[in-house]
>>> print(open('final-v1.csv').read())   # CSV, C-alpha atoms
chain,number,residue,atom,x,y,z
A,30,GLY,CA,70.0,51.7,41.2
A,31,THR,CA,70.0,55.2,42.7
A,32,ARG,CA,67.4,56.2,45.3
A,33,THR,CA,66.9,59.7,46.7
A,34,ALA,CA,65.2,60.7,50.0
A,35,VAL,CA,64.7,64.3,51.1
A,36,ALA,CA,64.3,65.0,54.8
A,37,GLY,CA,64.1,68.7,55.7
A,38,SER,CA,67.1,70.4,54.2
A,39,ASN,CA,69.0,67.1,53.8
A,40,THR,CA,69.0,64.8,50.8
A,41,ARG,CA,70.1,61.2,51.2
A,42,VAL,CA,71.3,59.3,48.1
A,43,THR,CA,71.6,55.5,48.2
A,44,ALA,CA,73.1,53.7,45.3
A,45,THR,CA,74.1,50.2,44.4
A,46,VAL,CA,77.3,50.1,42.3
A,47,PRO,CA,79.1,47.2,40.6
A,48,THR,CA,82.6,46.3,41.6
A,49,THR,CA,84.9,49.0,40.4
A,50,SER,CA,88.1,50.8,41.2
A,51,GLY,CA,86.4,54.2,41.6
A,52,VAL,CA,83.1,56.1,42.0
A,53,GLN,CA,82.4,59.7,41.1
A,54,ILE,CA,79.7,61.5,42.9
A,55,SER,CA,78.5,64.9,41.9
A,56,TRP,CA,75.5,67.1,42.7
A,57,ARG,CA,74.1,70.5,42.2
A,58,ALA,CA,71.8,72.8,44.2
A,59,ARG,CA,68.3,73.1,43.0
A,60,GLY,CA,67.8,76.0,40.7
A,61,LYS,CA,65.1,78.5,40.5
A,62,ARG,CA,61.7,77.1,39.7
A,63,GLY,CA,59.2,78.2,37.1
A,64,HIS,CA,59.7,80.3,34.0
A,65,THR,CA,60.6,83.8,32.9
A,66,VAL,CA,59.5,85.8,29.9
A,67,SER,CA,62.1,88.5,29.2
A,68,ARG,CA,61.2,89.9,25.7
A,69,ALA,CA,58.1,90.2,23.5
A,70,SER,CA,57.7,91.5,20.0
A,71,TYR,CA,54.2,92.4,18.6
A,72,ARG,CA,53.9,93.0,14.8
A,73,GLY,CA,50.5,94.2,13.5
A,74,ARG,CA,48.6,95.6,10.6
A,75,LEU,CA,45.1,96.8,9.9
A,76,SER,CA,42.7,94.6,8.0
A,77,GLY,CA,39.2,96.0,7.8
A,78,ASP,CA,37.9,96.5,11.3
A,79,ALA,CA,40.6,94.5,12.9
A,80,GLY,CA,44.2,94.7,13.9
A,81,VAL,CA,45.9,91.5,12.8
A,82,TRP,CA,48.9,90.7,15.1
A,83,THR,CA,51.8,88.2,15.5
A,84,ALA,CA,53.4,88.1,18.9
A,85,LYS,CA,56.7,86.4,19.7
A,86,LEU,CA,57.7,85.8,23.3
A,87,ASP,CA,61.1,84.7,24.5
A,88,VAL,CA,60.5,82.2,27.4
A,89,GLU,CA,63.0,80.4,29.6
A,90,LEU,CA,62.0,77.5,31.6
A,91,LEU,CA,64.2,77.5,34.7
A,92,GLY,CA,64.2,74.5,37.0
A,93,GLU,CA,61.1,72.6,35.9
A,94,GLU,CA,60.6,70.2,33.1
A,95,SER,CA,57.3,71.8,32.1
A,96,ALA,CA,55.2,74.9,33.0
A,97,VAL,CA,51.9,76.5,32.1
A,98,LEU,CA,52.5,79.9,30.5
A,99,PRO,CA,49.6,82.4,30.7
A,100,LEU,CA,49.3,84.4,27.5
A,101,LEU,CA,46.7,86.9,26.2
A,102,PRO,CA,43.2,87.5,27.4
A,103,ARG,CA,40.2,85.7,26.0
A,104,SER,CA,39.0,89.1,24.6
A,105,VAL,CA,41.4,88.7,21.6
A,106,THR,CA,40.6,86.4,18.7
A,107,LEU,CA,43.3,83.8,18.8
A,108,SER,CA,44.2,82.3,15.3
A,109,ASP,CA,47.2,80.1,16.0
A,110,LEU,CA,49.8,79.3,18.7
A,111,ARG,CA,53.2,77.8,18.2
A,112,VAL,CA,56.0,76.8,20.6
A,113,ASP,CA,59.5,76.4,19.0
A,114,GLY,CA,57.9,76.5,15.6
A,115,LYS,CA,55.4,73.7,16.2
A,116,ARG,CA,51.7,74.0,16.8
A,117,ALA,CA,51.0,73.9,20.5
A,118,THR,CA,48.3,73.0,22.9
A,119,ILE,CA,45.9,75.9,23.7
A,120,LEU,CA,44.6,76.1,27.3
A,121,VAL,CA,42.0,78.5,28.8
A,122,GLU,CA,43.1,79.4,32.4
A,123,GLY,CA,40.6,81.7,33.9
A,124,ASN,CA,40.2,84.7,31.6
A,125,ARG,CA,43.5,84.1,29.6
A,126,PHE,CA,44.7,81.7,27.0
A,127,ALA,CA,47.7,79.7,28.1
A,128,THR,CA,50.0,77.0,26.8
A,129,VAL,CA,52.4,74.3,28.1
A,130,ILE,CA,56.1,74.7,27.7
A,131,ASN,CA,58.2,71.5,27.9
A,132,GLY,CA,61.9,71.1,28.5
A,133,ARG,CA,64.3,73.3,30.5
A,134,GLY,CA,66.0,76.2,28.6
A,135,ARG,CA,64.9,78.8,26.1
A,136,HIS,CA,61.8,78.6,24.0
A,137,GLU,CA,60.0,80.8,21.5
A,138,VAL,CA,56.2,81.2,21.7
A,139,GLU,CA,54.5,82.7,18.7
A,140,LEU,CA,50.8,83.7,18.7
A,141,ASP,CA,48.6,85.0,15.8
A,142,PHE,CA,45.6,86.9,17.0
A,143,GLN,CA,43.2,89.8,16.1
A,144,THR,CA,41.9,92.7,18.0
A,145,ALA,CA,38.9,95.0,17.2
A,146,VAL,CA,39.6,98.5,15.9
A,147,ILE,CA,37.5,100.9,17.9
A,148,ALA,CA,36.6,103.3,15.1
A,149,GLY,CA,33.7,105.2,16.6
A,150,GLU,CA,36.1,107.3,18.6
A,151,VAL,CA,38.4,109.9,17.3
A,152,PRO,CA,41.2,108.9,16.8
A,153,PRO,CA,40.6,105.2,16.0
A,154,ARG,CA,42.5,102.8,18.2
A,155,VAL,CA,43.3,99.2,19.2
A,156,GLY,CA,44.0,98.1,22.7
A,157,PHE,CA,44.5,94.9,24.6
A,158,GLU,CA,46.0,93.4,27.7
A,159,ILE,CA,49.6,92.0,27.4
A,160,PRO,CA,51.8,90.0,29.8
A,161,GLN,CA,54.0,92.3,31.9
A,162,ILE,CA,57.4,91.8,30.3
A,163,PRO,CA,60.6,93.9,30.7
A,164,VAL,CA,61.1,94.4,27.0
A,165,SER,CA,58.0,94.8,24.8
A,166,ARG,CA,58.3,96.1,21.2
A,167,PHE,CA,55.4,97.1,19.0
A,168,GLU,CA,55.4,97.5,15.2
A,169,LEU,CA,52.2,98.6,13.5
A,170,THR,CA,51.7,99.1,9.8
A,171,LEU,CA,49.0,101.6,8.9
A,172,PRO,CA,47.7,102.7,5.5
A,173,GLY,CA,48.6,106.2,4.3
A,174,LYS,CA,50.7,108.8,6.3
A,175,LYS,CA,49.8,108.5,10.0
A,176,GLU,CA,51.0,109.5,13.4
A,177,LEU,CA,50.8,106.9,16.2
A,178,THR,CA,50.2,107.6,19.8
A,179,LEU,CA,50.8,105.0,22.5
A,180,GLN,CA,49.4,104.4,26.0
A,181,PRO,CA,51.3,104.1,28.2
A,182,ALA,CA,53.3,106.9,26.7
A,183,ALA,CA,56.4,105.9,24.8
A,184,ASN,CA,58.6,107.2,22.1
A,185,VAL,CA,57.2,106.2,18.6
A,186,THR,CA,59.4,106.3,15.5
A,187,THR,CA,57.7,106.2,12.1
A,188,ARG,CA,58.8,105.6,8.6
A,189,THR,CA,57.0,105.7,5.3
A,190,GLU,CA,57.1,102.6,3.0
A,191,GLY,CA,55.2,103.2,-0.2
A,192,LYS,CA,51.7,104.1,0.7
A,193,THR,CA,52.0,102.8,4.3
A,194,THR,CA,53.4,104.1,7.6
A,195,VAL,CA,55.3,101.7,9.9
A,196,ALA,CA,55.4,102.8,13.5
A,197,VAL,CA,57.7,101.2,16.1
A,198,ALA,CA,57.8,101.7,19.8
A,199,HIS,CA,59.0,100.0,23.0
A,200,VAL,CA,56.5,100.2,25.9
A,201,PRO,CA,57.4,100.2,29.6
A,202,MET,CA,56.5,97.2,31.7
A,203,THR,CA,52.7,97.3,31.7
A,204,GLY,CA,49.6,95.0,31.5
A,205,GLN,CA,47.6,97.1,29.0
A,206,VAL,CA,48.5,98.8,25.8
A,207,SER,CA,46.5,101.1,23.5
A,208,LEU,CA,47.6,102.4,20.1
A,209,SER,CA,45.7,105.2,18.4
A,210,TRP,CA,46.5,107.0,15.1
A,211,SER,CA,45.6,110.1,13.1
A,212,GLU,CA,46.4,111.6,9.7
A,213,ALA,CA,50.0,113.0,9.7
A,214,VAL,CA,50.2,116.7,9.5
A,215,PRO,CA,52.2,117.7,6.4
>>> encode(input="final-v1.csv", output="structure tokens")
Amino acid sequence: GTRTAVAGSNTRVTATVPTTSGVQISWRARGKRGHTVSRASYRGRLSGDAGVWTAKLDVELLGEESAVLPLLPRSVTLSDLRVDGKRATILVEGNRFATVINGRGRHEVELDFQTAVIAGEVPPRVGFEIPQIPVSRFELTLPGKKELTLQPAANVTTRTEGKTTVAVAHVPMTGQVSLSWSEAVP
């Protein structure tokens, strides 16, 4: 039988308690509201004229029980969306896909999507908008021996695995990324 009333900066709590020898009262200040996305990892490969990607976002829901999380732009082809390993609701908010996150604490959002390879230009490239997140890691697997260039500029490390090149880079906090590649110089 607890009732709460907020008036300005004061909160009044009224409770009916049974006969007892003691009562414990505790409270806490309201925490921050909303959500934060601190890390993102994008893993991609080429498949025909498309880049096929899986993105994982680390999301923390702060003071709310649920929040709408904006994701990628509608210009990508979304294949699937999971929150904490389960298929999730897909919303369209303006020009972006979004989802609902439920329950305070940390969550993992995983997206499968495709982007077009722009091959008429030299060198070929893929590019898309991303949420501005402090830590964004990209890994792209390309056929053959390739050199990868990133916009915005970032250090790219490559390794050869069989007949493929795996390029890895961390990008600065940005809203747009473009990855282009060319044949590696022997």
>>> residues_around(input="final-v1.csv", residues="range 122-135 of chain A", least_positions_apart="4", cutoff="12 Å", atoms="only C-alpha atoms", output="ChimeraX atom specification")
/A:60-68,86-113,115-118,139-140,142,157-160
>>> residues_around(input="final-v1.csv", residues="Ser70 in chain A", least_positions_apart="5", cutoff="8 Å", atoms="only C-alpha atoms", output="PDB file with C-alpha atoms, in the coordinates of the input")
ATOM      1  CA  ALA A  84      53.400  88.100  18.900  1.00  0.00           C
ATOM      2  CA  LYS A  85      56.700  86.400  19.700  1.00  0.00           C
ATOM      3  CA  LEU A  86      57.700  85.800  23.300  1.00  0.00           C
ATOM      4  CA  SER A 165      58.000  94.800  24.800  1.00  0.00           C
ATOM      5  CA  ARG A 166      58.300  96.100  21.200  1.00  0.00           C
ATOM      6  CA  PHE A 167      55.400  97.100  19.000  1.00  0.00           C
TER       7      PHE A 167
END
>>> residues_around(input="final-v1.csv", residues="Gln180 in chain A", least_positions_apart="2", cutoff="12 Å", atoms="only C-alpha atoms", output="short mmCIF file (atom, residue, chain, number, x, y, z; two decimals) with C-alpha atoms, in the coordinates of the input")
data_model
loop_
_atom_site.label_atom_id
_atom_site.label_comp_id
_atom_site.auth_asym_id
_atom_site.auth_seq_id
_atom_site.Cartn_x
_atom_site.Cartn_y
_atom_site.Cartn_z
CA ARG A 154 42.50 102.80 18.20
CA VAL A 155 43.30 99.20 19.20
CA GLY A 156 44.00 98.10 22.70
CA PHE A 157 44.50 94.90 24.60
CA GLU A 158 46.00 93.40 27.70
CA PHE A 167 55.40 97.10 19.00
CA LEU A 177 50.80 106.90 16.20
CA THR A 178 50.20 107.60 19.80
CA ALA A 182 53.30 106.90 26.70
CA ALA A 183 56.40 105.90 24.80
CA ASN A 184 58.60 107.20 22.10
CA VAL A 185 57.20 106.20 18.60
CA ALA A 198 57.80 101.70 19.80
CA HIS A 199 59.00 100.00 23.00
CA VAL A 200 56.50 100.20 25.90
CA PRO A 201 57.40 100.20 29.60
CA MET A 202 56.50 97.20 31.70
CA THR A 203 52.70 97.30 31.70
CA GLY A 204 49.60 95.00 31.50
CA GLN A 205 47.60 97.10 29.00
CA VAL A 206 48.50 98.80 25.80
CA SER A 207 46.50 101.10 23.50
CA LEU A 208 47.60 102.40 20.10
CA SER A 209 45.70 105.20 18.40
CA TRP A 210 46.50 107.00 15.10
#
>>> residues_around(input="final-v1.csv", residues="Arg32 in chain A", least_positions_apart="6", cutoff="8 Å", atoms="all atoms listed in the file", output="number ranges by chain")
A: 42-44
>>> atom_distance(input="final-v1.csv", atom1="CA of Val146 in chain A", atom2="CA of Gly80 in chain A")
6.3 Å
>>> residues_around(input="final-v1.csv", residues="Leu75 in chain A", least_positions_apart="2", cutoff="12 Å", atoms="all atoms listed in the file", output="list in words")
Arg72, Gly73, Gly77, Asp78, Ala79, Gly80, Val81, Trp82, Gln143, Thr144, Ala145, Val146, Ile147, Ala148, Pro153, Arg154, Val155, Glu168, Leu169, Thr170, Leu171, Pro172, Gly173, Thr193, Thr194, Val195, Leu208, Ser209 and Trp210 of chain A
>>> atom_distance(input="final-v1.csv", atom1="CA of Thr31 in chain A", atom2="CA of Thr45 in chain A")
6.7 Å
